[in-house]
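As provided, coords18.cif (mmCIF, C-alpha atoms) reads as follows.
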data_upload
loop_
_atom_site.label_atom_id
_atom_site.label_comp_id
_atom_site.auth_asym_id
_atom_site.auth_seq_id
_atom_site.Cartn_x
_atom_site.Cartn_y
_atom_site.Cartn_z
CA HIS K 1425 -24.37 10.04 -0.69
CA ALA K 1426 -22.30 12.13 1.68
CA PHE K 1427 -19.48 12.76 -0.80
CA SER K 1428 -21.58 13.20 -3.91
CA PRO K 1429 -19.76 15.57 -6.28
CA GLY K 1430 -22.98 17.11 -7.55
CA TYR K 1431 -24.59 15.99 -10.80
CA ASP K 1432 -24.78 12.23 -10.82
CA PHE K 1433 -25.20 9.58 -13.51
CA ASN K 1434 -27.95 7.04 -12.89
CA HIS K 1435 -26.04 3.77 -13.15
CA GLU K 1436 -29.26 1.75 -13.10
CA ASN K 1437 -30.12 3.31 -16.45
CA PRO K 1438 -29.12 1.10 -19.42
CA TRP K 1439 -28.06 4.14 -21.49
CA THR K 1440 -25.71 5.28 -18.72
CA ARG K 1441 -24.15 1.83 -18.69
CA GLU K 1442 -23.85 1.79 -22.47
CA PHE K 1443 -22.12 5.17 -22.39
CA LEU K 1444 -19.68 4.09 -19.65
CA LYS K 1445 -18.87 0.84 -21.45
CA ARG K 1446 -18.09 2.76 -24.65
CA VAL K 1447 -15.79 5.08 -22.70
CA PHE K 1448 -14.02 2.12 -21.07
CA ASP K 1449 -13.58 0.39 -24.44
CA PHE K 1450 -12.37 3.51 -26.23
CA TRP K 1451 -9.34 4.04 -24.00
CA LEU K 1452 -8.48 0.35 -23.96
CA ASP K 1453 -8.81 -0.01 -27.74
CA GLU K 1454 -7.36 3.27 -28.93
CA PHE K 1455 -4.66 3.96 -26.34
CA HIS K 1456 -3.94 0.41 -25.10
CA ILE K 1457 -3.99 1.39 -21.45
CA ASP K 1458 -3.51 -1.39 -18.88
CA GLY K 1459 -6.76 -0.73 -17.07
CA TYR K 1460 -8.47 1.68 -14.75
CA ARG K 1461 -8.41 3.01 -11.23
CA VAL K 1462 -12.00 4.06 -10.58
CA ASP K 1463 -12.21 7.07 -8.28
CA LEU K 1464 -14.86 6.97 -5.54
CA SER K 1465 -16.21 3.65 -6.82
CA LYS K 1466 -18.42 3.38 -3.73
CA GLY K 1467 -20.38 6.25 -5.25
CA LEU K 1468 -21.61 4.14 -8.20
CA THR K 1469 -24.91 3.48 -6.43
CA GLN K 1470 -28.52 4.52 -6.67
CA THR K 1471 -29.13 3.74 -3.00
CA ASN K 1472 -29.77 7.11 -1.37
CA THR K 1473 -27.94 7.26 1.98
CA GLY K 1474 -27.92 11.06 2.22
CA SER K 1475 -25.26 12.31 4.62
CA ASP K 1476 -25.01 9.02 6.57
CA VAL K 1477 -21.50 7.78 5.77
CA GLY K 1478 -22.02 4.64 7.85
CA ALA K 1479 -25.06 3.66 5.81
CA TRP K 1480 -23.23 4.43 2.57
CA ASN K 1481 -20.43 2.04 3.63
CA GLN K 1482 -22.81 -0.87 4.18
CA TYR K 1483 -23.02 -3.77 1.74
CA ASP K 1484 -25.01 -2.66 -1.30
CA GLN K 1485 -25.87 -5.49 -3.70
CA SER K 1486 -27.11 -3.06 -6.36
CA ARG K 1487 -23.72 -1.31 -6.32
CA VAL K 1488 -21.92 -4.64 -6.54
CA ASP K 1489 -24.07 -5.59 -9.54
CA ILE K 1490 -23.34 -2.27 -11.27
CA LEU K 1491 -19.58 -2.68 -10.81
CA PHE K 1492 -19.58 -6.28 -12.03
CA ASP K 1493 -21.58 -5.27 -15.09
CA TYR K 1494 -18.81 -2.83 -16.01
CA GLY K 1495 -15.99 -5.16 -14.96
CA ASN K 1496 -17.31 -8.22 -16.77
CA HIS K 1497 -17.83 -6.16 -19.93
CA ILE K 1498 -14.22 -4.94 -19.81
CA TRP K 1499 -12.73 -8.36 -19.04
CA ALA K 1500 -14.76 -10.02 -21.80
CA GLY K 1501 -13.24 -7.76 -24.44
CA HIS K 1502 -9.89 -7.09 -22.78
CA PRO K 1503 -8.76 -10.09 -20.72
CA GLY K 1504 -6.26 -9.14 -18.04
CA ALA K 1505 -7.22 -5.47 -17.87
CA TYR K 1506 -6.77 -4.05 -14.39
CA MET K 1507 -9.84 -2.77 -12.60
CA ILE K 1508 -8.75 -0.99 -9.42
CA LEU K 1509 -11.40 0.49 -7.16
CA GLU K 1510 -10.95 3.32 -4.68
CA HIS K 1511 -13.78 1.78 -2.70
CA LEU K 1512 -12.79 2.04 0.97
CA GLY K 1513 -16.03 0.35 2.00
CA ASN K 1514 -16.92 -2.35 4.49
CA ASN K 1515 -14.92 -5.54 4.15
CA ASP K 1516 -17.87 -7.77 3.25
CA GLU K 1517 -18.51 -5.80 0.06
CA GLU K 1518 -14.82 -5.41 -0.72
CA THR K 1519 -14.39 -9.17 -0.27
CA ALA K 1520 -17.08 -9.88 -2.85
CA LEU K 1521 -15.46 -7.47 -5.30
CA ALA K 1522 -11.91 -8.76 -4.68
CA ASN K 1523 -12.91 -12.40 -5.04
CA GLY K 1524 -14.60 -11.51 -8.32
CA GLY K 1525 -11.46 -10.01 -9.87
CA PHE K 1526 -11.42 -6.35 -8.84
CA MET K 1527 -8.36 -4.89 -7.15
CA LEU K 1528 -9.08 -2.52 -4.29
CA TRP K 1529 -7.18 0.28 -2.62
CA GLY K 1530 -5.89 -0.78 0.80
CA LYS K 1531 -5.51 2.40 2.81
CA MET K 1532 -2.93 1.83 5.56
CA THR K 1533 -1.62 5.38 5.91
CA GLU K 1534 -2.27 5.84 9.61
CA ALA K 1535 -0.80 2.47 10.60
CA TYR K 1536 2.40 2.85 8.56
CA THR K 1537 2.89 6.45 9.63
CA GLU K 1538 2.41 5.56 13.31
CA ALA K 1539 4.90 2.72 12.90
CA ALA K 1540 7.49 4.91 11.20
CA MET K 1541 7.13 7.57 13.90
CA GLY K 1542 7.68 4.99 16.66
CA TYR K 1543 4.18 4.89 18.12
CA GLY K 1544 3.11 1.34 17.25
CA GLY K 1545 1.04 0.90 14.11
CA ASP K 1546 -0.68 -2.42 13.39
CA LEU K 1547 0.32 -3.38 9.83
CA ASN K 1548 -1.45 -6.75 9.75
CA TYR K 1549 -4.51 -5.45 7.88
CA GLY K 1550 -2.25 -4.58 4.95
CA SER K 1551 -2.43 -8.26 4.02
CA TRP K 1552 -5.16 -9.51 1.72
CA GLN K 1553 -5.29 -12.75 3.68
CA ALA K 1554 -5.98 -10.84 6.91
CA ARG K 1555 -9.14 -9.54 5.22
CA GLY K 1556 -10.30 -13.04 4.34
CA TRP K 1557 -9.95 -12.60 0.58
CA GLN K 1558 -9.38 -15.46 -1.85
CA ARG K 1559 -7.15 -13.45 -4.18
CA PRO K 1560 -4.17 -11.11 -3.66
CA ASN K 1561 -6.11 -8.11 -4.96
CA LEU K 1562 -5.38 -5.60 -2.20
CA VAL K 1563 -3.42 -2.56 -3.44
CA THR K 1564 -1.93 -1.63 -0.08
CA TYR K 1565 -0.41 1.81 0.30
CA ALA K 1566 1.16 3.97 2.99
CA GLU K 1567 0.76 7.29 1.18
CA SER K 1568 -1.65 8.82 -1.30
CA HIS K 1569 -2.81 12.23 -2.47
CA ASP K 1570 -5.48 12.25 0.23
CA GLU K 1571 -3.32 11.86 3.37
CA GLU K 1572 -0.39 13.69 4.86
CA ARG K 1573 3.12 12.74 3.81
CA MET K 1574 4.80 10.15 6.04
CA ALA K 1575 8.09 12.03 6.03
CA TYR K 1576 6.42 15.30 7.03
CA LYS K 1577 4.68 13.73 10.01
CA LEU K 1578 7.83 11.85 10.93
CA ALA K 1579 9.95 15.02 10.93
CA THR K 1580 7.27 16.95 12.81
CA PHE K 1581 5.81 14.51 15.31
CA GLY K 1582 8.22 11.54 15.46
CA ASN K 1583 8.98 9.79 18.74
CA ALA K 1584 12.34 9.97 20.53
CA SER K 1585 14.20 8.35 23.42
CA GLY K 1586 17.57 9.46 24.75
CA GLY K 1587 19.84 10.18 21.81
CA TYR K 1588 17.59 8.40 19.33
CA ASP K 1589 15.21 10.81 17.60
CA THR K 1590 13.06 9.74 14.66
CA LYS K 1591 12.64 13.41 13.68
CA GLN K 1592 16.31 13.62 12.63
CA GLU K 1593 16.69 13.26 8.87
CA ALA K 1594 19.13 10.33 8.72
CA THR K 1595 17.14 8.38 11.31
CA GLY K 1596 13.85 9.26 9.66
CA MET K 1597 15.00 8.08 6.23
CA ASP K 1598 16.17 4.78 7.74
CA ARG K 1599 12.78 4.30 9.36
CA LEU K 1600 11.00 5.07 6.09
CA ALA K 1601 13.14 2.37 4.45
CA MET K 1602 12.05 -0.07 7.15
CA ALA K 1603 8.41 0.92 6.68
CA HIS K 1604 8.65 0.37 2.93
CA ALA K 1605 10.28 -3.02 3.50
CA PHE K 1606 7.23 -4.03 5.51
CA LEU K 1607 4.96 -2.58 2.83
CA LEU K 1608 6.55 -4.22 -0.19
CA ALA K 1609 7.37 -7.59 1.38
CA ILE K 1610 3.72 -8.45 2.02
CA PRO K 1611 2.58 -10.38 -1.07
CA GLY K 1612 0.16 -8.58 -3.35
CA PRO K 1613 0.19 -5.36 -5.38
CA LYS K 1614 1.26 -2.06 -3.82
CA MET K 1615 0.82 1.61 -4.60
CA MET K 1616 3.48 4.23 -3.97
CA TRP K 1617 2.81 7.94 -4.33
CA GLN K 1618 5.17 10.23 -6.22
CA TRP K 1619 8.42 11.15 -4.39
CA GLY K 1620 7.74 8.90 -1.42
CA GLU K 1621 10.90 7.02 -2.39
CA LEU K 1622 12.91 10.16 -1.57
CA GLY K 1623 11.19 10.80 1.75
CA TYR K 1624 9.38 13.89 0.42
CA ASP K 1625 8.58 16.00 3.48
CA ILE K 1626 6.66 19.03 2.22
CA SER K 1627 3.15 18.81 3.63
CA ILE K 1628 0.46 18.14 1.04
CA PHE K 1629 -1.52 20.94 2.74
CA ASP K 1630 1.31 23.47 2.39
CA CYS K 1631 0.12 26.38 0.25
CA LEU K 1632 3.79 27.47 -0.08
CA ASP K 1633 2.94 30.93 1.27
CA GLY K 1634 3.27 30.13 4.95
CA THR K 1635 -0.26 28.78 5.29
CA PHE K 1636 -1.65 25.24 5.40
CA GLU K 1637 -5.11 24.56 3.98
CA GLU K 1638 -7.11 21.55 2.82
CA GLN K 1639 -7.72 23.34 -0.49
CA CYS K 1640 -3.97 23.29 -1.23
CA LYS K 1641 -3.79 19.48 -1.02
CA LEU K 1642 -3.47 18.92 -4.76
CA ASP K 1643 -1.56 22.11 -5.60
CA GLU K 1644 1.72 21.65 -7.43
CA LYS K 1645 4.67 21.20 -5.07
CA PRO K 1646 8.40 21.62 -5.82
CA ALA K 1647 9.99 18.62 -7.53
CA PRO K 1648 12.77 17.29 -5.24
CA TRP K 1649 15.32 16.26 -7.87
CA ALA K 1650 18.06 17.88 -5.78
CA ASP K 1651 17.39 15.30 -3.09
CA LEU K 1652 19.23 12.76 -5.27
CA GLY K 1653 22.34 14.55 -4.04
CA ASN K 1654 21.37 13.93 -0.41
CA ALA K 1655 23.04 10.72 0.78
CA ASN K 1656 20.28 9.89 3.27
CA ARG K 1657 17.50 10.24 0.72
CA LEU K 1658 19.42 8.53 -2.08
CA LYS K 1659 20.01 5.56 0.24
CA LEU K 1660 16.26 5.40 0.87
CA ALA K 1661 15.51 5.47 -2.86
CA LYS K 1662 18.06 2.75 -3.60
CA THR K 1663 16.73 0.57 -0.80
CA ILE K 1664 13.16 0.88 -2.05
CA ALA K 1665 14.32 0.12 -5.59
CA ALA K 1666 16.11 -3.00 -4.32
CA LEU K 1667 12.98 -4.11 -2.46
CA ALA K 1668 10.85 -3.54 -5.57
CA LYS K 1669 13.30 -5.59 -7.63
CA LEU K 1670 13.07 -8.47 -5.17
CA LYS K 1671 9.29 -8.29 -5.33
CA GLN K 1672 9.35 -8.45 -9.12
CA GLU K 1673 12.03 -11.12 -9.55
CA GLN K 1674 11.81 -13.48 -6.55
CA SER K 1675 8.73 -15.67 -6.54
CA VAL K 1676 8.56 -16.01 -2.75
CA PHE K 1677 7.42 -12.37 -2.53
CA GLY K 1678 4.26 -13.43 -4.36
CA THR K 1679 3.63 -16.55 -2.30
CA TYR K 1680 0.24 -17.49 -0.89
CA ASP K 1681 1.97 -19.13 2.09
CA PHE K 1682 3.00 -16.33 4.43
CA ASN K 1683 2.55 -14.88 7.90
CA VAL K 1684 2.41 -11.21 8.88
CA ASP K 1685 3.04 -10.56 12.58
CA ALA K 1686 3.24 -6.78 12.60
CA ALA K 1687 0.98 -5.48 15.35
CA GLY K 1688 3.62 -4.80 18.02
CA MET K 1689 6.82 -2.77 18.08
CA GLY K 1690 8.85 -5.78 16.99
CA LYS K 1691 7.40 -6.77 13.62
CA ARG K 1692 8.09 -9.74 11.35
CA ILE K 1693 6.96 -11.21 8.05
CA GLN K 1694 7.59 -14.84 7.09
CA LEU K 1695 7.35 -15.89 3.44
CA TYR K 1696 7.51 -19.55 2.40
CA GLY K 1697 7.98 -21.04 -1.06
CA PRO K 1698 9.09 -24.35 -2.59
CA ASP K 1699 12.46 -22.93 -3.70
CA GLN K 1700 13.00 -19.97 -1.40
CA ASN K 1701 12.05 -18.61 2.01
CA ALA K 1702 12.33 -15.10 3.39
CA ILE K 1703 12.12 -13.61 6.88
CA LEU K 1704 11.81 -9.86 7.55
CA ILE K 1705 12.22 -8.47 11.07
CA GLY K 1706 12.26 -4.89 12.32
CA ASN K 1707 12.30 -2.87 15.52
CA PHE K 1708 9.83 0.00 15.17
CA ASP K 1709 10.38 1.14 18.76
CA VAL K 1710 12.70 3.95 19.87
CA VAL K 1711 14.45 1.62 22.35
CA PRO K 1712 16.17 -1.75 21.77
CA LEU K 1713 14.10 -4.94 21.82
CA SER K 1714 14.36 -8.62 20.96
CA VAL K 1715 12.57 -10.36 18.09
CA VAL K 1716 12.38 -14.09 17.37
CA PRO K 1717 12.57 -14.23 13.54
CA GLY K 1718 10.78 -17.57 13.32
CA PHE K 1719 13.06 -19.29 10.81
CA PRO K 1720 11.35 -22.38 9.35
CA TYR K 1721 14.47 -24.54 9.65
CA THR K 1722 18.07 -24.49 10.86
CA GLY K 1723 20.95 -24.02 8.46
CA THR K 1724 22.57 -21.27 6.44
CA TRP K 1725 20.71 -17.98 5.94
CA HIS K 1726 21.74 -14.76 4.23
CA ASP K 1727 21.25 -11.15 5.33
CA HIS K 1728 20.27 -9.72 1.95
CA PHE K 1729 21.28 -6.10 2.50
CA THR K 1730 24.64 -6.83 4.14
CA GLY K 1731 25.53 -9.95 2.16
CA ASN K 1732 26.51 -11.77 5.37
CA ALA K 1733 25.82 -15.49 5.70
CA PHE K 1734 25.19 -17.02 9.11
CA GLU K 1735 24.08 -20.26 10.69
CA VAL K 1736 20.75 -20.72 12.44
CA ASN K 1737 21.11 -23.46 15.07
CA ASP K 1738 18.15 -22.71 17.35
CA LEU K 1739 14.77 -21.73 15.91
CA ASN K 1740 13.79 -20.07 19.19
CA ASN K 1741 16.76 -17.70 19.37
CA ALA K 1742 15.85 -14.03 19.69
CA PHE K 1743 17.72 -11.32 17.79
CA TYR K 1744 18.48 -8.14 19.73
CA LEU K 1745 17.68 -5.13 17.56
CA GLN K 1746 18.54 -1.49 18.07
CA PRO K 1747 15.74 1.04 17.44
CA GLY K 1748 15.04 1.27 13.73
CA GLU K 1749 17.14 -1.81 12.95
CA TRP K 1750 15.72 -4.24 10.41
CA HIS K 1751 16.94 -7.23 8.41
CA LEU K 1752 15.72 -9.25 5.44
CA TYR K 1753 16.93 -12.84 5.61
CA LEU K 1754 16.82 -15.24 2.63
CA ASP K 1755 17.85 -18.88 2.42
CA THR K 1756 19.17 -18.30 -1.10
CA PRO K 1757 22.16 -16.03 -1.75
CA LEU K 1758 21.42 -13.33 -4.31
#

Spell out the structure here as structure tokens.
Amino acid sequence: HAFSPGYDFNHENPWTREFLKRVFDFWLDEFHIDGYRVDLSKGLTQTNTGSDVGAWNQYDQSRVDILFDYGNHIWAGHPGAYMILEHLGNNDEETALANGGFMLWGKMTEAYTEAAMGYGGDLNYGSWQARGWQRPNLVTYAESHDEERMAYKLATFGNASGGYDTKQEATGMDRLAMAHAFLLAIPGPKMMWQWGELGYDISIFDCLDGTFEEQCKLDEKPAPWADLGNANRLKLAKTIAALAKLKQEQSVFGTYDFNVDAAGMGKRIQLYGPDQNAILIGNFDVVPLSVVPGFPYTGTWHDHFTGNAFEVNDLNNAFYLQPGEWHLYLDTPL
């Protein structure tokens, strides 16, 4: 296939499969790992598509069968083991894999970066339900080792209007917090790349000698521990930690009953549960706008990050938000 790394195992060969299964079992048995993230899983095929990436992305039943042979072997001996695929294929094949128990990388880098910079960004496809899956097996992410850092692009290319400039550090960190709120609040597993919680803004392509090259993408970069002394970046890290805690501890953030309306500049997520409901709204524009939160009922609601309680009397009322302003509303005080 187009991204073949060179020498290739024949995964139709029973001895190749036996070897791979022994490798899988060894690490699970001897080191008690939680599971695997399989790099370039779309490459586990014997269908020759040459340099045609489009053909390589098409549904390939033989590839699906190979992956399920490995997955079912692992799950039979190690129930609950994670099998995460960096597949990035067409949705019909990913749907079959997700519904069968695999977790799949959900690349949303461009959309989240565009949103943070103030240029739109449709975040809806970051939801497993938007892809028509039966299980919440989409590992959505806004950053990875393969794409440019959000904070770098924000500081370099961010939008501005009047005195509001997303390229300014304090504003940029606030917008990254908002972006992460809309990443983590969508039910399902997420992936965060190292230092994203501090708004790391050194380009992944920076060779640290004044040049920028693709070959420097995975070179070691300076560790930003000093950024913990930067109030703007520490606030971002604490906000992301608080969002992650909510996701772990509050069941509504794992609900199957939710709505993601995040294609426009004014974005919202509505989460519904038997004991708790949550509404997230945000203005990703660089000018003020109004958003109707879409509360499910009138009564007392709580702004989680301010601690303020307020009464909702009209479900159609719009909230006027300044650029970059966002709120997480819960009907239970925490």

Notebook entry, point to check: Which residue out of K:Ala1539, K:Leu1695, K:Val1711, K:Arg1555 has the minimum interatomic distance to Gly1586 in chain K when all atoms listed in the file are used?
Noted result: K:Val1711

Note to self: On this structure, the PyMOL selection byres ((chain K and resi 1508) around 8) would catch which residues? List them as a list in words, sorted by chain and number.
What the structure shows: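 Expected selection for the PyMOL selection byres ((chain K and resi 1508) around 8) here is Gly1459, Tyr1460, Arg1461, Val1462, Tyr1506, Met1507, Leu1509, Glu1510, Phe1526, Met1527, Leu1528 and Trp1529 of chain K.
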
Once the PyMOL selection byres ((chain K and resi 1678-1690) around 8) has been applied to the shown file, what residues remain in the selection, as a short mmCIF file (atom, residue, chain, number, x, y, z; two decimals) with C-alpha atoms, in the coordinates of the input?
data_model
loop_
_atom_site.label_atom_id
_atom_site.label_comp_id
_atom_site.auth_asym_id
_atom_site.auth_seq_id
_atom_site.Cartn_x
_atom_site.Cartn_y
_atom_site.Cartn_z
CA ALA K 1539 4.90 2.72 12.90
CA GLY K 1542 7.68 4.99 16.66
CA GLY K 1544 3.11 1.34 17.25
CA GLY K 1545 1.04 0.90 14.11
CA ASP K 1546 -0.68 -2.42 13.39
CA LEU K 1547 0.32 -3.38 9.83
CA ASN K 1548 -1.45 -6.75 9.75
CA SER K 1551 -2.43 -8.26 4.02
CA ILE K 1610 3.72 -8.45 2.02
CA PRO K 1611 2.58 -10.38 -1.07
CA GLY K 1612 0.16 -8.58 -3.35
CA LYS K 1671 9.29 -8.29 -5.33
CA GLN K 1674 11.81 -13.48 -6.55
CA SER K 1675 8.73 -15.67 -6.54
CA VAL K 1676 8.56 -16.01 -2.75
CA PHE K 1677 7.42 -12.37 -2.53
CA LYS K 1691 7.40 -6.77 13.62
CA ARG K 1692 8.09 -9.74 11.35
CA ILE K 1693 6.96 -11.21 8.05
CA GLN K 1694 7.59 -14.84 7.09
CA LEU K 1695 7.35 -15.89 3.44
CA TYR K 1696 7.51 -19.55 2.40
CA GLY K 1697 7.98 -21.04 -1.06
CA ILE K 1705 12.22 -8.47 11.07
CA GLY K 1706 12.26 -4.89 12.32
CA ASN K 1707 12.30 -2.87 15.52
CA PHE K 1708 9.83 0.00 15.17
CA ASP K 1709 10.38 1.14 18.76
CA LEU K 1713 14.10 -4.94 21.82
CA SER K 1714 14.36 -8.62 20.96
CA VAL K 1715 12.57 -10.36 18.09
#

Check: Residues picked by the PyMOL selection byres ((chain K and resi 1738-1744) around 10) here, as an MDAnalysis selection string?
Finding: chainID K and resid 1705 1707 1712:1723 1735:1737 1745:1747 1749

Check: Which is closer to Gly1623 in chain K than all the others in K:Lys1641, K:Arg1487, K:Arg1599, K:Lys1669, using only C-alpha atoms?
Finding: K:Arg1599

Check: Which residue, K:Leu1607, K:Ala1426, K:Met1532, K:Cys1631, has the smallest gap to Ala1479 in chain K when you use only C-alpha atoms?
Finding: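 Closest to Ala1479 in chain K, using only C-alpha atoms: K:Ala1426.
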
Next item on the list: Considering only C-alpha atoms, return as a ChimeraX atom specification whatever protein or nucleic-acid residues lie within 12 Å of Met1597 in chain K, sequence-local ones (same chain, fewer than 5 positions apart) excluded.
Entry: /K:1540-1541,1574-1576,1578-1579,1582,1589-1592,1602-1604,1620-1625,1654-1664,1748

Notebook entry, point to check: At what distance in Å, to one decimal, does CA of Gly1634 in chain K lie from CA of Glu1593 in chain K?
Noted result: 21.9 Å

Margin query: Can you measure CA of Glu1638 in chain K to CA of Ile1626 in chain K for me? One decimal in Å is fine.
Written below: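 The value is 14.0 Å.
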
To box range 1533-1552 of chain K, take all atoms listed in the file, fit an axis-aligned box, add 4 Å on each side, and give centre and edge lengths in Å to one decimal, as JSON.
{"center_x": 1.3, "center_y": -1.0, "center_z": 9.9, "size_x": 20.8, "size_y": 25.1, "size_z": 24.4}

Check: In terms of the shortest atom-to-atom distance over only C-alpha atoms, which of K:Ser1428, K:Asn1561, K:Glu1518, K:Phe1450 is closest to Asp1476 in chain K?
Finding: K:Ser1428

Margin query: For Thr1533 in chain K, find every residue with an atom within 6 Å (counting all atoms listed in the file), except residues of its own chain fewer than 2 positions away, and show them as a list of chain:residue names.
Written below: K:Lys1531, K:Ala1535, K:Tyr1536, K:Thr1537, K:Ala1566, K:Glu1567

Mind completing range 1640-1647 of chain K with all heavy atoms? Output as a PDB file, in the frame of the given file, please?
ATOM      1  N   CYS K1640      -5.276  23.320  -0.556  1.00  0.00           N
ATOM      2  CA  CYS K1640      -3.970  23.290  -1.230  1.00  0.00           C
ATOM      3  C   CYS K1640      -3.446  21.866  -1.417  1.00  0.00           C
ATOM      4  O   CYS K1640      -2.326  21.683  -1.910  1.00  0.00           O
ATOM      5  CB  CYS K1640      -2.956  24.109  -0.440  1.00  0.00           C
ATOM      6  SG  CYS K1640      -3.352  25.877  -0.357  1.00  0.00           S
ATOM      7  N   LYS K1641      -4.239  20.879  -1.036  1.00  0.00           N
ATOM      8  CA  LYS K1641      -3.790  19.480  -1.020  1.00  0.00           C
ATOM      9  C   LYS K1641      -3.226  19.022  -2.354  1.00  0.00           C
ATOM     10  O   LYS K1641      -2.204  18.341  -2.404  1.00  0.00           O
ATOM     11  CB  LYS K1641      -4.963  18.594  -0.595  1.00  0.00           C
ATOM     12  CG  LYS K1641      -4.646  17.131  -0.479  1.00  0.00           C
ATOM     13  CD  LYS K1641      -5.792  16.368   0.157  1.00  0.00           C
ATOM     14  CE  LYS K1641      -7.020  16.335  -0.725  1.00  0.00           C
ATOM     15  NZ  LYS K1641      -8.088  15.493  -0.127  1.00  0.00           N
ATOM     16  N   LEU K1642      -3.895  19.393  -3.444  1.00  0.00           N
ATOM     17  CA  LEU K1642      -3.470  18.920  -4.760  1.00  0.00           C
ATOM     18  C   LEU K1642      -2.733  19.989  -5.558  1.00  0.00           C
ATOM     19  O   LEU K1642      -2.485  19.820  -6.749  1.00  0.00           O
ATOM     20  CB  LEU K1642      -4.672  18.407  -5.539  1.00  0.00           C
ATOM     21  CG  LEU K1642      -5.386  17.188  -4.925  1.00  0.00           C
ATOM     22  CD1 LEU K1642      -6.528  16.737  -5.815  1.00  0.00           C
ATOM     23  CD2 LEU K1642      -4.410  16.053  -4.690  1.00  0.00           C
ATOM     24  N   ASP K1643      -2.358  21.090  -4.908  1.00  0.00           N
ATOM     25  CA  ASP K1643      -1.560  22.110  -5.600  1.00  0.00           C
ATOM     26  C   ASP K1643      -0.190  21.550  -5.954  1.00  0.00           C
ATOM     27  O   ASP K1643       0.347  20.680  -5.277  1.00  0.00           O
ATOM     28  CB  ASP K1643      -1.385  23.340  -4.713  1.00  0.00           C
ATOM     29  CG  ASP K1643      -2.650  24.175  -4.612  1.00  0.00           C
ATOM     30  OD1 ASP K1643      -3.660  23.783  -5.211  1.00  0.00           O
ATOM     31  OD2 ASP K1643      -2.627  25.210  -3.912  1.00  0.00           O
ATOM     32  N   GLU K1644       0.379  22.074  -7.023  1.00  0.00           N
ATOM     33  CA  GLU K1644       1.720  21.650  -7.430  1.00  0.00           C
ATOM     34  C   GLU K1644       2.725  21.983  -6.328  1.00  0.00           C
ATOM     35  O   GLU K1644       2.715  23.075  -5.756  1.00  0.00           O
ATOM     36  CB  GLU K1644       2.119  22.366  -8.723  1.00  0.00           C
ATOM     37  CG  GLU K1644       3.463  21.905  -9.273  1.00  0.00           C
ATOM     38  CD  GLU K1644       3.799  22.552 -10.604  1.00  0.00           C
ATOM     39  OE1 GLU K1644       2.950  23.296 -11.130  1.00  0.00           O
ATOM     40  OE2 GLU K1644       4.899  22.297 -11.107  1.00  0.00           O
ATOM     41  N   LYS K1645       3.610  21.025  -6.061  1.00  0.00           N
ATOM     42  CA  LYS K1645       4.670  21.200  -5.070  1.00  0.00           C
ATOM     43  C   LYS K1645       6.029  21.105  -5.783  1.00  0.00           C
ATOM     44  O   LYS K1645       6.130  20.554  -6.878  1.00  0.00           O
ATOM     45  CB  LYS K1645       4.582  20.116  -3.994  1.00  0.00           C
ATOM     46  CG  LYS K1645       3.234  20.036  -3.269  1.00  0.00           C
ATOM     47  CD  LYS K1645       2.939  21.280  -2.452  1.00  0.00           C
ATOM     48  CE  LYS K1645       1.771  21.063  -1.490  1.00  0.00           C
ATOM     49  NZ  LYS K1645       0.481  20.811  -2.155  1.00  0.00           N
ATOM     50  N   PRO K1646       7.077  21.653  -5.173  1.00  0.00           N
ATOM     51  CA  PRO K1646       8.400  21.620  -5.820  1.00  0.00           C
ATOM     52  C   PRO K1646       8.884  20.198  -6.060  1.00  0.00           C
ATOM     53  O   PRO K1646       8.742  19.333  -5.188  1.00  0.00           O
ATOM     54  CB  PRO K1646       9.304  22.346  -4.814  1.00  0.00           C
ATOM     55  CG  PRO K1646       8.397  23.101  -3.917  1.00  0.00           C
ATOM     56  CD  PRO K1646       7.107  22.359  -3.876  1.00  0.00           C
ATOM     57  N   ALA K1647       9.433  19.940  -7.231  1.00  0.00           N
ATOM     58  CA  ALA K1647       9.990  18.620  -7.530  1.00  0.00           C
ATOM     59  C   ALA K1647      11.354  18.480  -6.833  1.00  0.00           C
ATOM     60  O   ALA K1647      12.219  19.342  -6.994  1.00  0.00           O
ATOM     61  CB  ALA K1647      10.159  18.450  -9.038  1.00  0.00           C
TER      62      ALA K1647
END
